[in-house]
$ cat final_13.cif   # mmCIF, C-alpha atoms
data_my_file
loop_
_atom_site.label_atom_id
_atom_site.label_comp_id
_atom_site.auth_asym_id
_atom_site.auth_seq_id
_atom_site.Cartn_x
_atom_site.Cartn_y
_atom_site.Cartn_z
CA MET Z 7 -68.60 -52.51 -37.47
CA GLU Z 8 -70.50 -49.30 -38.19
CA PHE Z 9 -71.65 -49.03 -34.55
CA PHE Z 10 -68.05 -48.52 -33.41
CA ARG Z 11 -67.09 -46.11 -36.18
CA ARG Z 12 -69.76 -43.43 -35.83
CA THR Z 13 -71.06 -41.50 -32.85
CA LEU Z 14 -74.50 -42.76 -31.89
CA ASP Z 15 -77.35 -40.24 -31.73
CA PRO Z 16 -77.86 -39.61 -27.98
CA VAL Z 17 -81.66 -39.59 -28.46
CA ILE Z 18 -81.52 -43.16 -29.84
CA ALA Z 19 -79.15 -44.23 -27.03
CA LEU Z 20 -81.44 -42.77 -24.38
CA ILE Z 21 -84.59 -44.32 -25.90
CA ALA Z 22 -82.87 -47.73 -25.64
CA ILE Z 23 -81.75 -47.00 -22.07
CA ALA Z 24 -85.29 -45.90 -21.11
CA VAL Z 25 -86.82 -49.14 -22.43
CA LEU Z 26 -84.21 -51.22 -20.55
CA ASP Z 27 -84.76 -49.11 -17.42
CA ILE Z 28 -88.51 -49.90 -17.51
CA PHE Z 29 -87.61 -53.59 -17.66
CA LEU Z 30 -85.24 -53.16 -14.68
CA PHE Z 31 -87.95 -51.22 -12.78
CA LEU Z 32 -90.28 -54.20 -13.23
CA THR Z 33 -87.73 -56.78 -12.08
CA ILE Z 34 -85.54 -55.22 -9.36
CA GLY Z 35 -85.81 -51.41 -9.38
CA ALA Z 36 -84.99 -48.40 -11.55
CA TRP Z 37 -81.44 -47.49 -12.64
CA THR Z 38 -79.34 -46.04 -9.84
CA VAL Z 39 -75.65 -45.35 -9.30
CA GLY Z 40 -75.25 -43.58 -5.95
CA GLY Z 41 -76.49 -46.48 -3.80
CA GLY Z 42 -74.01 -48.88 -5.37
CA GLU Z 43 -71.20 -46.36 -4.95
CA THR Z 44 -72.02 -46.01 -1.25
CA MET Z 45 -71.96 -49.77 -0.83
CA MET Z 46 -68.56 -49.84 -2.57
CA THR Z 47 -67.35 -47.08 -0.21
CA GLY Z 48 -68.47 -49.19 2.75
CA LEU Z 49 -66.77 -52.31 1.40
CA MET Z 50 -63.50 -50.46 0.76
CA ALA Z 51 -63.63 -48.81 4.21
CA TRP Z 52 -64.26 -52.22 5.76
CA LEU Z 53 -61.24 -53.67 3.93
CA VAL Z 54 -59.06 -50.87 5.34
CA LEU Z 55 -60.54 -50.45 8.83
CA GLY Z 56 -61.88 -53.96 9.49
CA ASP Z 57 -64.44 -54.28 12.27
CA ASP Z 58 -63.57 -50.79 13.55
CA LEU Z 59 -65.97 -49.56 10.85
CA GLN Z 60 -68.87 -50.84 12.97
CA ARG Z 61 -68.15 -48.01 15.40
CA LEU Z 62 -69.71 -45.67 12.85
CA PRO Z 63 -73.50 -46.13 13.23
CA PHE Z 64 -74.05 -44.98 9.61
CA TRP Z 65 -72.80 -48.35 8.35
CA ASN Z 66 -75.35 -50.19 10.54
CA LEU Z 67 -78.38 -47.94 10.46
CA VAL Z 68 -78.31 -46.47 6.94
CA PHE Z 69 -76.10 -48.74 4.84
CA PRO Z 70 -75.47 -52.19 6.30
CA ILE Z 71 -72.59 -53.43 4.13
CA ARG Z 72 -73.19 -56.33 1.78
CA ALA Z 73 -71.37 -57.40 -1.35
CA ASP Z 74 -74.43 -58.94 -3.05
CA ASP Z 75 -76.28 -55.63 -3.46
CA TRP Z 76 -77.29 -55.46 -7.16
CA ARG Z 77 -76.74 -51.70 -7.31
CA ILE Z 78 -72.95 -52.22 -7.11
CA TYR Z 79 -72.99 -54.30 -10.28
CA ILE Z 80 -74.77 -51.69 -12.40
CA SER Z 81 -71.75 -49.40 -12.02
CA LEU Z 82 -69.23 -52.20 -12.57
CA GLY Z 83 -71.18 -53.15 -15.71
CA THR Z 84 -71.09 -49.52 -16.90
CA LEU Z 85 -67.31 -49.47 -16.50
CA PHE Z 86 -67.04 -52.75 -18.42
CA GLY Z 87 -69.43 -51.69 -21.22
CA ALA Z 88 -67.68 -48.33 -21.65
CA ALA Z 89 -64.26 -50.02 -21.79
CA VAL Z 90 -65.53 -52.45 -24.47
CA GLY Z 91 -66.98 -49.52 -26.48
CA ALA Z 92 -63.78 -47.47 -26.14
CA ILE Z 93 -61.43 -50.34 -27.07
CA ALA Z 94 -63.57 -51.54 -30.01
CA SER Z 95 -63.78 -48.01 -31.45
CA GLY Z 96 -60.10 -47.24 -30.86
CA GLU Z 97 -61.04 -44.44 -28.45
CA PHE Z 98 -59.33 -45.96 -25.40
CA ARG Z 99 -56.46 -43.69 -24.41
CA LEU Z 100 -54.86 -42.83 -21.09
CA ARG Z 101 -55.76 -39.20 -20.49
CA VAL Z 102 -54.26 -37.33 -17.55
CA PRO Z 103 -55.39 -33.77 -16.63
CA ARG Z 104 -52.44 -31.42 -17.28
CA HIS Z 105 -53.18 -28.38 -15.15
CA LEU Z 106 -53.24 -28.14 -11.39
CA SER Z 107 -56.53 -26.19 -11.61
CA GLU Z 108 -58.18 -29.20 -13.31
CA TRP Z 109 -57.04 -31.52 -10.50
CA VAL Z 110 -58.38 -29.09 -7.89
CA LEU Z 111 -61.77 -28.76 -9.64
CA ILE Z 112 -62.10 -32.54 -10.06
CA THR Z 113 -61.19 -33.15 -6.41
CA ILE Z 114 -63.69 -30.60 -5.08
CA GLY Z 115 -66.32 -31.77 -7.61
CA GLY Z 116 -65.88 -35.42 -6.61
CA LEU Z 117 -66.16 -34.64 -2.90
CA LEU Z 118 -69.30 -32.52 -3.43
CA MET Z 119 -70.90 -35.29 -5.50
CA GLY Z 120 -70.19 -37.90 -2.82
CA ILE Z 121 -71.45 -35.75 0.06
CA GLY Z 122 -74.47 -34.55 -1.98
CA ILE Z 123 -75.58 -38.05 -2.95
CA ARG Z 124 -75.57 -39.14 0.69
CA TYR Z 125 -77.43 -36.07 1.97
CA ALA Z 126 -80.19 -36.65 -0.57
CA TYR Z 127 -80.21 -40.49 -0.41
CA VAL Z 128 -80.30 -40.28 -4.22
CA CYS Z 129 -77.95 -39.50 -7.09
CA ASN Z 130 -78.58 -37.70 -10.36
CA VAL Z 131 -79.41 -40.96 -12.15
CA SER Z 132 -82.12 -41.87 -9.63
CA THR Z 133 -83.39 -38.30 -9.91
CA PHE Z 134 -83.93 -38.32 -13.68
CA PHE Z 135 -84.34 -42.05 -14.40
CA GLY Z 136 -86.19 -43.18 -11.27
CA LEU Z 137 -87.73 -40.63 -8.91
CA ALA Z 138 -89.04 -37.99 -11.33
CA PRO Z 139 -90.68 -40.50 -13.73
CA GLU Z 140 -92.27 -42.22 -10.68
CA LEU Z 141 -93.77 -38.79 -9.83
CA ASN Z 142 -91.97 -38.95 -6.49
CA LEU Z 143 -92.10 -35.75 -4.46
CA GLY Z 144 -88.36 -36.23 -3.90
CA GLY Z 145 -87.86 -36.18 -7.68
CA TYR Z 146 -89.16 -32.61 -7.92
CA LEU Z 147 -87.03 -31.49 -4.95
CA ALA Z 148 -84.02 -33.23 -6.48
CA VAL Z 149 -84.55 -31.80 -9.99
CA SER Z 150 -84.89 -28.26 -8.55
CA GLY Z 151 -81.76 -28.85 -6.44
CA ILE Z 152 -79.64 -30.16 -9.29
CA ILE Z 153 -80.69 -27.36 -11.68
CA ALA Z 154 -79.87 -24.73 -9.02
CA GLY Z 155 -76.56 -26.49 -8.29
CA ALA Z 156 -75.65 -26.82 -11.98
CA TRP Z 157 -76.38 -23.10 -12.42
CA VAL Z 158 -74.10 -22.13 -9.50
CA GLY Z 159 -71.49 -24.64 -10.70
CA SER Z 160 -71.66 -23.15 -14.22
CA LEU Z 161 -71.04 -19.64 -12.82
CA ILE Z 162 -67.96 -20.90 -10.94
CA TYR Z 163 -66.80 -22.87 -13.98
CA LYS Z 164 -67.15 -19.79 -16.20
CA LYS Z 165 -65.17 -17.68 -13.72
CA VAL Z 166 -62.38 -20.27 -13.64
CA LEU Z 167 -62.36 -20.55 -17.47
CA GLU Z 168 -62.20 -16.80 -17.91
CA GLY Z 169 -59.86 -16.08 -15.01
CA MET G 23 -85.17 -63.46 -7.86
CA SER G 24 -82.01 -64.62 -6.05
CA PRO G 25 -79.39 -61.99 -5.12
CA VAL G 26 -76.92 -63.53 -7.60
CA ALA G 27 -79.46 -63.34 -10.43
CA GLU G 28 -80.20 -59.71 -9.47
CA CYS G 29 -76.48 -58.87 -9.56
CA LEU G 30 -76.06 -60.56 -12.95
CA LEU G 31 -79.05 -58.74 -14.39
CA ALA G 32 -77.75 -55.44 -12.98
CA PHE G 33 -74.30 -56.08 -14.51
CA LEU G 34 -75.85 -56.83 -17.89
CA PHE G 35 -77.98 -53.68 -17.73
CA GLY G 36 -74.94 -51.62 -16.69
CA SER G 37 -72.83 -53.04 -19.52
CA VAL G 38 -75.36 -52.10 -22.20
CA VAL G 39 -75.81 -48.65 -20.66
CA GLY G 40 -72.01 -48.16 -20.51
CA LEU G 41 -71.70 -49.12 -24.17
CA LEU G 42 -74.57 -46.86 -25.29
CA VAL G 43 -73.34 -43.88 -23.28
CA GLN G 44 -69.76 -44.35 -24.52
CA ARG G 45 -70.84 -44.54 -28.16
CA SER G 46 -73.29 -41.63 -27.98
CA ARG G 47 -71.19 -39.31 -25.75
CA TYR G 48 -74.42 -38.67 -23.83
CA CYS G 49 -73.66 -36.75 -20.66
CA ASN G 50 -76.06 -35.80 -17.89
CA THR G 51 -73.80 -32.96 -16.75
CA ALA G 52 -73.74 -31.54 -20.28
CA ALA G 53 -77.55 -31.86 -20.46
CA LEU G 54 -77.77 -29.20 -17.74
CA ARG G 55 -74.45 -27.30 -18.05
CA ASP G 56 -74.55 -26.78 -21.83
CA ALA G 57 -78.16 -25.61 -21.71
CA ILE G 58 -77.24 -23.06 -19.01
CA LEU G 59 -73.82 -21.91 -20.28
CA PHE G 60 -73.87 -22.36 -24.05
CA LYS G 61 -77.59 -22.58 -24.92
CA SER G 62 -76.82 -25.91 -26.59
CA TYR G 63 -79.34 -28.70 -26.13
CA ARG G 64 -77.97 -31.91 -27.72
CA ASN G 65 -77.99 -33.83 -24.41
CA THR G 66 -80.96 -32.00 -22.87
CA LYS G 67 -83.25 -33.22 -25.67
CA ALA G 68 -82.12 -36.83 -25.19
CA LEU G 69 -82.73 -36.59 -21.43
CA LEU G 70 -86.24 -35.18 -21.97
CA VAL G 71 -87.16 -37.94 -24.46
CA ALA G 72 -85.97 -40.61 -21.98
CA MET G 73 -87.93 -38.98 -19.15
CA MET G 74 -91.12 -38.89 -21.24
CA ILE G 75 -90.83 -42.62 -22.06
CA LEU G 76 -89.99 -43.49 -18.44
CA THR G 77 -92.82 -41.39 -17.01
CA VAL G 78 -95.44 -43.07 -19.20
CA GLY G 79 -93.85 -46.53 -18.76
CA PHE G 80 -93.43 -46.36 -14.99
CA THR G 81 -96.85 -44.87 -14.25
CA ALA G 82 -98.58 -47.34 -16.61
CA PHE G 83 -97.10 -50.25 -14.66
CA ILE G 84 -97.68 -48.55 -11.29
CA SER G 85 -101.38 -48.23 -12.31
CA VAL G 86 -101.66 -52.03 -12.35
CA GLY G 87 -99.57 -52.49 -9.21
CA ALA G 88 -96.36 -53.62 -10.94
CA GLY G 89 -92.79 -52.36 -10.58
CA HIS G 90 -90.48 -51.41 -7.74
CA PRO G 91 -90.76 -47.65 -7.09
CA LEU G 92 -88.33 -46.02 -4.65
CA GLU G 93 -89.91 -45.38 -1.28
CA PHE G 94 -88.27 -43.19 1.35
CA ASP G 95 -88.95 -39.86 3.03
CA VAL G 96 -87.75 -36.73 1.30
CA GLY G 97 -87.27 -33.16 2.41
CA LEU G 98 -84.78 -30.34 2.64
CA ASN G 99 -81.94 -32.86 2.56
CA THR G 100 -83.06 -33.97 -0.94
CA PHE G 101 -82.81 -30.43 -2.27
CA ILE G 102 -79.53 -29.62 -0.48
CA GLY G 103 -77.96 -32.92 -1.52
CA LEU G 104 -78.68 -32.50 -5.21
CA PHE G 105 -77.72 -28.82 -5.03
CA LEU G 106 -74.25 -29.81 -3.77
CA PHE G 107 -74.19 -32.60 -6.35
CA GLY G 108 -75.08 -30.16 -9.16
CA ILE G 109 -72.16 -27.87 -8.28
CA GLY G 110 -69.85 -30.88 -7.95
CA MET G 111 -70.75 -32.46 -11.29
CA VAL G 112 -70.13 -29.23 -13.23
CA LEU G 113 -66.77 -28.67 -11.48
CA ALA G 114 -65.71 -32.28 -12.02
CA GLY G 115 -67.02 -32.21 -15.61
CA ALA G 116 -68.79 -35.53 -15.12
CA CYS G 117 -71.72 -36.99 -13.23
CA THR G 118 -71.99 -40.43 -11.65
CA VAL G 119 -72.47 -42.26 -14.95
CA MET G 120 -69.82 -40.32 -16.85
CA THR G 121 -67.17 -40.90 -14.16
CA TRP G 122 -67.58 -44.66 -14.73
CA VAL G 123 -67.74 -44.32 -18.53
CA LYS G 124 -64.73 -41.99 -18.78
CA THR G 125 -62.76 -44.21 -16.39
CA GLY G 126 -63.52 -47.09 -18.78
CA GLU G 127 -62.07 -44.97 -21.61
CA GLY G 128 -58.81 -44.52 -19.72
CA ASN G 129 -59.48 -41.05 -18.27
CA VAL G 130 -57.40 -40.69 -15.10
CA GLY G 131 -59.19 -37.47 -14.10
CA ALA G 132 -62.52 -39.33 -14.03
CA LEU G 133 -60.99 -42.09 -11.89
CA TRP G 134 -59.77 -39.36 -9.53
CA ALA G 135 -63.30 -37.85 -9.38
CA LEU G 136 -64.68 -41.31 -8.61
CA LEU G 137 -62.13 -41.81 -5.84
CA PHE G 138 -63.10 -38.50 -4.26
CA THR G 139 -66.81 -39.34 -4.60
CA PHE G 140 -66.06 -42.38 -2.42
CA ILE G 141 -64.04 -40.22 -0.01
CA GLY G 142 -66.91 -37.70 0.12
CA MET G 143 -69.35 -40.50 0.96
CA PHE G 144 -67.06 -41.77 3.72
CA LEU G 145 -66.70 -38.25 5.16
CA PHE G 146 -70.50 -38.01 5.14
CA SER G 147 -70.74 -41.31 7.07
CA LEU G 148 -68.52 -39.73 9.78
CA LEU G 149 -70.74 -36.64 9.90
CA TRP G 150 -73.95 -38.70 9.95
CA SER G 151 -72.66 -40.87 12.79
CA TRP G 152 -72.31 -37.64 14.77
CA ASN G 153 -75.58 -35.77 14.01
CA TYR G 154 -77.90 -38.52 12.61
CA TRP G 155 -79.38 -36.28 9.89
CA PRO G 156 -81.17 -36.94 7.57
CA PRO G 157 -83.09 -39.68 9.45
CA ALA G 158 -82.17 -43.33 8.86
CA PRO G 159 -84.64 -45.33 6.71
CA ALA G 160 -85.88 -47.28 9.78
CA SER G 161 -86.98 -44.08 11.54
CA MET G 162 -88.81 -42.64 8.52
CA THR G 163 -92.56 -42.38 9.02
CA GLY G 164 -93.82 -41.46 5.56
CA GLU G 165 -95.49 -38.39 7.09
CA PRO G 166 -94.20 -34.78 7.24
CA ASN G 167 -91.78 -34.31 10.13
CA LEU G 168 -90.86 -30.67 10.72
CA ALA G 169 -88.29 -31.44 13.41
CA THR G 170 -86.15 -33.28 10.86
CA LEU G 171 -87.11 -30.95 7.96
CA GLN G 172 -88.76 -33.83 6.11
CA LEU G 173 -91.91 -33.76 4.01
CA GLY G 174 -92.66 -37.48 4.14
CA PHE G 175 -93.28 -39.57 1.10
CA ALA G 176 -95.48 -39.39 -2.01
CA ASN G 177 -95.30 -40.85 -5.49
CA ALA G 178 -97.55 -42.02 -8.35
CA ARG G 179 -98.72 -45.02 -6.28
CA THR G 180 -99.74 -42.96 -3.24
CA LEU G 181 -101.50 -40.45 -5.54
CA GLN G 182 -103.47 -43.31 -7.09
CA GLU G 183 -104.41 -44.70 -3.66
CA LYS G 184 -105.41 -41.33 -2.19
CA LEU G 185 -107.30 -39.89 -5.15
CA GLY G 186 -108.60 -43.05 -6.78
CA VAL G 187 -107.32 -41.91 -10.19
CA PRO G 188 -105.00 -44.32 -12.08
CA ALA G 189 -101.32 -43.30 -11.87
CA ILE G 190 -101.04 -43.21 -15.68
CA VAL G 191 -103.31 -40.12 -15.77
CA PHE G 192 -100.77 -38.16 -13.68
CA GLY G 193 -98.00 -39.69 -15.76
CA LEU G 194 -99.56 -38.42 -18.99
CA VAL G 195 -99.84 -34.92 -17.49
CA GLN G 196 -96.15 -34.95 -16.55
CA ALA G 197 -95.17 -36.35 -19.96
CA GLY G 198 -97.17 -33.49 -21.52
CA VAL G 199 -95.23 -30.91 -19.51
CA LEU G 200 -91.92 -32.54 -20.51
CA PHE G 201 -93.07 -32.50 -24.15
CA ALA G 202 -93.89 -28.80 -23.91
CA ILE G 203 -90.33 -28.13 -22.66
CA TYR G 204 -88.99 -30.27 -25.52
CA ARG G 205 -91.03 -28.29 -28.07
CA ALA G 206 -89.81 -24.98 -26.58
CA ILE G 207 -86.21 -26.17 -27.02
CA LEU G 208 -86.85 -27.14 -30.66
CA ARG G 209 -88.34 -23.69 -31.28
CA ARG G 210 -85.35 -22.00 -29.66
CA GLU G 211 -82.95 -24.08 -31.79
CA ARG G 212 -84.84 -23.10 -34.96
CA LEU G 213 -84.53 -19.42 -34.03
CA GLN G 214 -80.79 -19.89 -33.32
CA ARG G 215 -80.32 -21.50 -36.76
CA GLU G 216 -82.21 -18.69 -38.51
CA ARG G 217 -80.15 -16.05 -36.71
CA HIS G 218 -76.90 -17.80 -37.64
CA ARG G 219 -78.01 -18.02 -41.26
CA SER G 220 -78.92 -14.33 -41.48
CA GLU G 221 -75.63 -13.38 -39.80
CA ALA G 222 -73.71 -15.55 -42.27
CA GLU G 223 -75.56 -13.93 -45.19
CA ALA G 224 -74.80 -10.47 -43.81
CA ARG G 225 -71.10 -11.41 -43.57
CA ALA G 226 -71.10 -12.78 -47.10
CA ALA G 227 -72.73 -9.59 -48.41
CA ALA G 228 -70.33 -7.24 -46.58
CA PRO G 229 -67.12 -7.98 -48.60
CA ALA G 230 -69.09 -7.78 -51.84
CA GLN G 231 -70.17 -4.24 -50.98
CA GLY G 232 -66.56 -3.41 -50.07
CA GLU G 233 -65.44 -4.61 -53.50
CA LYS G 234 -68.07 -2.46 -55.20
CA ARG G 235 -66.81 0.58 -53.27
CA LEU G 236 -63.25 -0.14 -54.41
CA GLN G 237 -64.37 -0.47 -58.04
CA THR G 238 -66.23 2.86 -57.87
CA ARG G 239 -63.17 4.54 -56.41
CA ALA G 240 -60.95 3.10 -59.14
CA ALA G 241 -63.31 4.39 -61.82
#
$ encode --input "final_13.cif" --output "structure tokens"
Amino acid sequence: MEFFRRTLDPVIALIAIAVLDIFLFLTIGAWTVGGGETMMTGLMAWLVLGDDLQRLPFWNLVFPIRADDWRIYISLGTLFGAAVGAIASGEFRLRVPRHLSEWVLITIGGLLMGIGIRYAYVCNVSTFFGLAPELNLGGYLAVSGIIAGAWVGSLIYKKVLEG
Amino acid sequence: MSPVAECLLAFLFGSVVGLLVQRSRYCNTAALRDAILFKSYRNTKALLVAMMILTVGFTAFISVGAGHPLEFDVGLNTFIGLFLFGIGMVLAGACTVMTWVKTGEGNVGALWALLFTFIGMFLFSLLWSWNYWPPAPASMTGEPNLATLQLGFANARTLQEKLGVPAIVFGLVQAGVLFAIYRAILRRERLQRERHRSEAEARAAAPAQGEKRLQTRAA
């Protein structure tokens, strides 16, 4: 199938995603990833710690844990859809970072993303595909924050690449 | 809609998004990083087009009271959070969507980034349980609260209610601004192409002149 042989124009892909996102906004709420990830964190922590987790007020007051939160399933669907796309196009391949520096950058990057999402109560997807198009004040704060962060991150990235 | 139906719908939406992102190599991190570092705008343009459609679509439906906009107080924590996130996504080379998509493609590094995103969130839950900042949703008031460094809450719906102007009007203004940025990028790309072409022509002309010099010397 042609769809799996050629790279799709990102503008076309994003137009389709935007139309679907409007439909989702009308039915349950705009596309988000961070909320679902937090719920998954809570569920995994609960599996490991059991009821001890209730001693952390965060999991009562901010994110009461529930497995039927729709936001979780957006991310699981993304994983599934990407795997289907990768397998059908022959692009599925186990890739492991080779250098220690890559592992360090990914570890720090992952931690910063997790902490950042929770400080803001939103992720980058909500920022660009939810808050900003809803003209939410938080959207403008978030867009300014992410551009400033990406700029600082790019400076660090450049230093690491060059050094 | 029942929770199960919501979860099914969300899974379906996610699957299509995962497929489209995988096939198009669209990346939110690249949309910002490549524009800053390499002055390359392939992903930035796609993001702007999506934001224009969403702005008009969301505000049109908000004008007639439809849709489910996000409603919670924002403030300094919103800026700080996304600032940390912005650094993190460039270092990790993937944002929230791309970590899931790349994991689906068999990328172990992306799975590692995802794992540490979860760990980061859990560490935050420890910190929050100690200092209770930013405020929990139940204690948000919707109004500015200087003690907690929060500005309250405002979006297209509150603008419409306060000013009596339909939300779509503000949406069209924002879409216009986004379009102006999009046009500026197209102009910049055209200038880049012209510069590359003139540089290539200069390079092509240089050896020819060298040859001429050699011929003259031989004569």
$ residues_around --input "final_13.cif" --residues "segment 25-35 of chain Z" --least-positions-apart "4" --cutoff "10 Å" --atoms "only C-alpha atoms" --output "list of chain:residue names"
Z:Leu20, Z:Ile21, Z:Trp76, Z:Arg77, Z:Phe135, Z:Gly136, G:Met23, G:Glu28, G:Cys29, G:Leu31, G:Ala32, G:Phe35, G:Val38, G:Val39, G:Ala72, G:Ile75, G:Leu76, G:Thr77, G:Val78, G:Gly79, G:Phe80, G:Phe83, G:Ile84, G:Ala88, G:Gly89, G:His90, G:Pro91, G:Leu92
$ residues_around --input "final_13.cif" --residues "segment 93-96 of chain Z" --least-positions-apart "6" --cutoff "12 Å" --atoms "all atoms listed in the file" --output "VMD selection string"
(chain Z and resid 7 to 14 86 to 87) or (chain G and resid 41 44 to 46 126 to 128)
$ residues_around --input "final_13.cif" --residues "segment 198-209 of chain G" --least-positions-apart "4" --cutoff "7 Å" --atoms "only C-alpha atoms" --output "ChimeraX atom specification"
/G:67,70,74,194,213
$ write_last_selection --input "final_13.cif" --atoms "C-alpha atoms" --output "compact mmCIF listing (two decimals), in the coordinates of the input"
# COMPACT_ATOMS: atom_id res chain seq x y z
CA LYS G 67 -83.25 -33.22 -25.67
CA LEU G 70 -86.24 -35.18 -21.97
CA MET G 74 -91.12 -38.89 -21.24
CA LEU G 194 -99.56 -38.42 -18.99
CA LEU G 213 -84.53 -19.42 -34.03
$ interface_residues --input "final_13.cif" --of "chain G" --to "chain Z" --cutoff "6 Å" --atoms "only C-alpha atoms" --output "ChimeraX atom specification"
/G:28-29,32-33,36-37,40-42,44-46,48,68,72,76-77,89-90,96,99-101,103-114,122-123,126-131,135,138-140,142-143,146-147,151,158,176-178
$ residues_around --input "final_13.cif" --residues "Ala116 of chain G" --least-positions-apart "3" --cutoff "8 Å" --atoms "all atoms listed in the file" --output "list in words"
Cys49, Asn50, Thr51, Met111, Val112, Val119, Met120, Thr121 and Ala132 of chain G
$ atom_distance --input "final_13.cif" --atom1 "atom CA of Thr125 of chain G" --atom2 "atom CA of Leu53 of chain Z"
22.5 Å
$ atom_distance --input "final_13.cif" --atom1 "atom CA of Gln60 of chain Z" --atom2 "atom CA of Gly42 of chain Z"
19.1 Å
$ residues_around --input "final_13.cif" --residues "Gln172 of chain G" --least-positions-apart "6" --cutoff "10 Å" --atoms "all atoms listed in the file" --output "JSON, numbers by chain"
{"G": [95, 96, 97, 98, 99, 100, 156, 157, 162, 163, 164, 165, 166]}
$ atom_distance --input "final_13.cif" --atom1 "atom CA of Val54 of chain Z" --atom2 "atom CA of Leu34 of chain G"
29.3 Å
$ closest_residue --input "final_13.cif" --among "Z:Leu49, Z:Gly169, Z:Leu106, Z:Gly41" --to "Ile71 of chain Z" --atoms "only C-alpha atoms"
Z:Leu49
$ resolve_selection --input "final_13.cif" --expression "the PyMOL selection byres ((chain G and resi 85) around 8)" --output "list of chain:residue names"
G:Thr81, G:Ala82, G:Phe83, G:Ile84, G:Val86, G:Gly87, G:Ala88, G:Arg179, G:Gln182, G:Pro188, G:Ala189, G:Ile190
$ build_atoms --input "final_13.cif" --residues "segment 142-158 of chain G" --atoms "N, CA and C atoms" --output "PDB file, keeping the file's coordinate frame"
ATOM      1  N   GLY G 142     -65.826 -38.577  -0.331  1.00  0.00           N
ATOM      2  CA  GLY G 142     -66.910 -37.700   0.120  1.00  0.00           C
ATOM      3  C   GLY G 142     -67.985 -38.483   0.853  1.00  0.00           C
ATOM      4  N   MET G 143     -68.322 -39.661   0.320  1.00  0.00           N
ATOM      5  CA  MET G 143     -69.350 -40.500   0.960  1.00  0.00           C
ATOM      6  C   MET G 143     -68.859 -40.977   2.335  1.00  0.00           C
ATOM      7  N   PHE G 144     -67.573 -41.318   2.421  1.00  0.00           N
ATOM      8  CA  PHE G 144     -67.060 -41.770   3.720  1.00  0.00           C
ATOM      9  C   PHE G 144     -67.056 -40.620   4.721  1.00  0.00           C
ATOM     10  N   LEU G 145     -66.676 -39.420   4.260  1.00  0.00           N
ATOM     11  CA  LEU G 145     -66.700 -38.250   5.160  1.00  0.00           C
ATOM     12  C   LEU G 145     -68.128 -38.022   5.656  1.00  0.00           C
ATOM     13  N   PHE G 146     -69.096 -38.185   4.736  1.00  0.00           N
ATOM     14  CA  PHE G 146     -70.500 -38.010   5.140  1.00  0.00           C
ATOM     15  C   PHE G 146     -70.875 -39.040   6.214  1.00  0.00           C
ATOM     16  N   SER G 147     -70.383 -40.273   6.078  1.00  0.00           N
ATOM     17  CA  SER G 147     -70.740 -41.310   7.070  1.00  0.00           C
ATOM     18  C   SER G 147     -70.196 -40.930   8.450  1.00  0.00           C
ATOM     19  N   LEU G 148     -69.052 -40.221   8.491  1.00  0.00           N
ATOM     20  CA  LEU G 148     -68.520 -39.730   9.780  1.00  0.00           C
ATOM     21  C   LEU G 148     -69.463 -38.671  10.350  1.00  0.00           C
ATOM     22  N   LEU G 149     -69.869 -37.743   9.473  1.00  0.00           N
ATOM     23  CA  LEU G 149     -70.740 -36.640   9.900  1.00  0.00           C
ATOM     24  C   LEU G 149     -72.087 -37.192  10.367  1.00  0.00           C
ATOM     25  N   TRP G 150     -72.629 -38.136   9.612  1.00  0.00           N
ATOM     26  CA  TRP G 150     -73.950 -38.700   9.950  1.00  0.00           C
ATOM     27  C   TRP G 150     -73.890 -39.413  11.301  1.00  0.00           C
ATOM     28  N   SER G 151     -72.788 -40.129  11.542  1.00  0.00           N
ATOM     29  CA  SER G 151     -72.660 -40.870  12.790  1.00  0.00           C
ATOM     30  C   SER G 151     -72.566 -39.935  13.981  1.00  0.00           C
ATOM     31  N   TRP G 152     -72.375 -38.636  13.701  1.00  0.00           N
ATOM     32  CA  TRP G 152     -72.310 -37.640  14.770  1.00  0.00           C
ATOM     33  C   TRP G 152     -73.646 -36.929  14.962  1.00  0.00           C
ATOM     34  N   ASN G 153     -74.331 -36.551  13.832  1.00  0.00           N
ATOM     35  CA  ASN G 153     -75.580 -35.770  14.010  1.00  0.00           C
ATOM     36  C   ASN G 153     -76.856 -36.508  13.558  1.00  0.00           C
ATOM     37  N   TYR G 154     -76.737 -37.693  12.981  1.00  0.00           N
ATOM     38  CA  TYR G 154     -77.900 -38.520  12.610  1.00  0.00           C
ATOM     39  C   TYR G 154     -78.921 -37.804  11.726  1.00  0.00           C
ATOM     40  N   TRP G 155     -78.468 -36.946  10.816  1.00  0.00           N
ATOM     41  CA  TRP G 155     -79.380 -36.280   9.890  1.00  0.00           C
ATOM     42  C   TRP G 155     -78.876 -36.409   8.480  1.00  0.00           C
ATOM     43  N   PRO G 156     -79.719 -36.673   7.514  1.00  0.00           N
ATOM     44  CA  PRO G 156     -81.170 -36.940   7.570  1.00  0.00           C
ATOM     45  C   PRO G 156     -81.488 -38.300   8.225  1.00  0.00           C
ATOM     46  N   PRO G 157     -82.739 -38.477   8.694  1.00  0.00           N
ATOM     47  CA  PRO G 157     -83.090 -39.680   9.450  1.00  0.00           C
ATOM     48  C   PRO G 157     -82.797 -40.990   8.702  1.00  0.00           C
ATOM     49  N   ALA G 158     -82.441 -42.009   9.451  1.00  0.00           N
ATOM     50  CA  ALA G 158     -82.170 -43.330   8.860  1.00  0.00           C
ATOM     51  C   ALA G 158     -83.482 -43.914   8.329  1.00  0.00           C
TER      52      ALA G 158
END
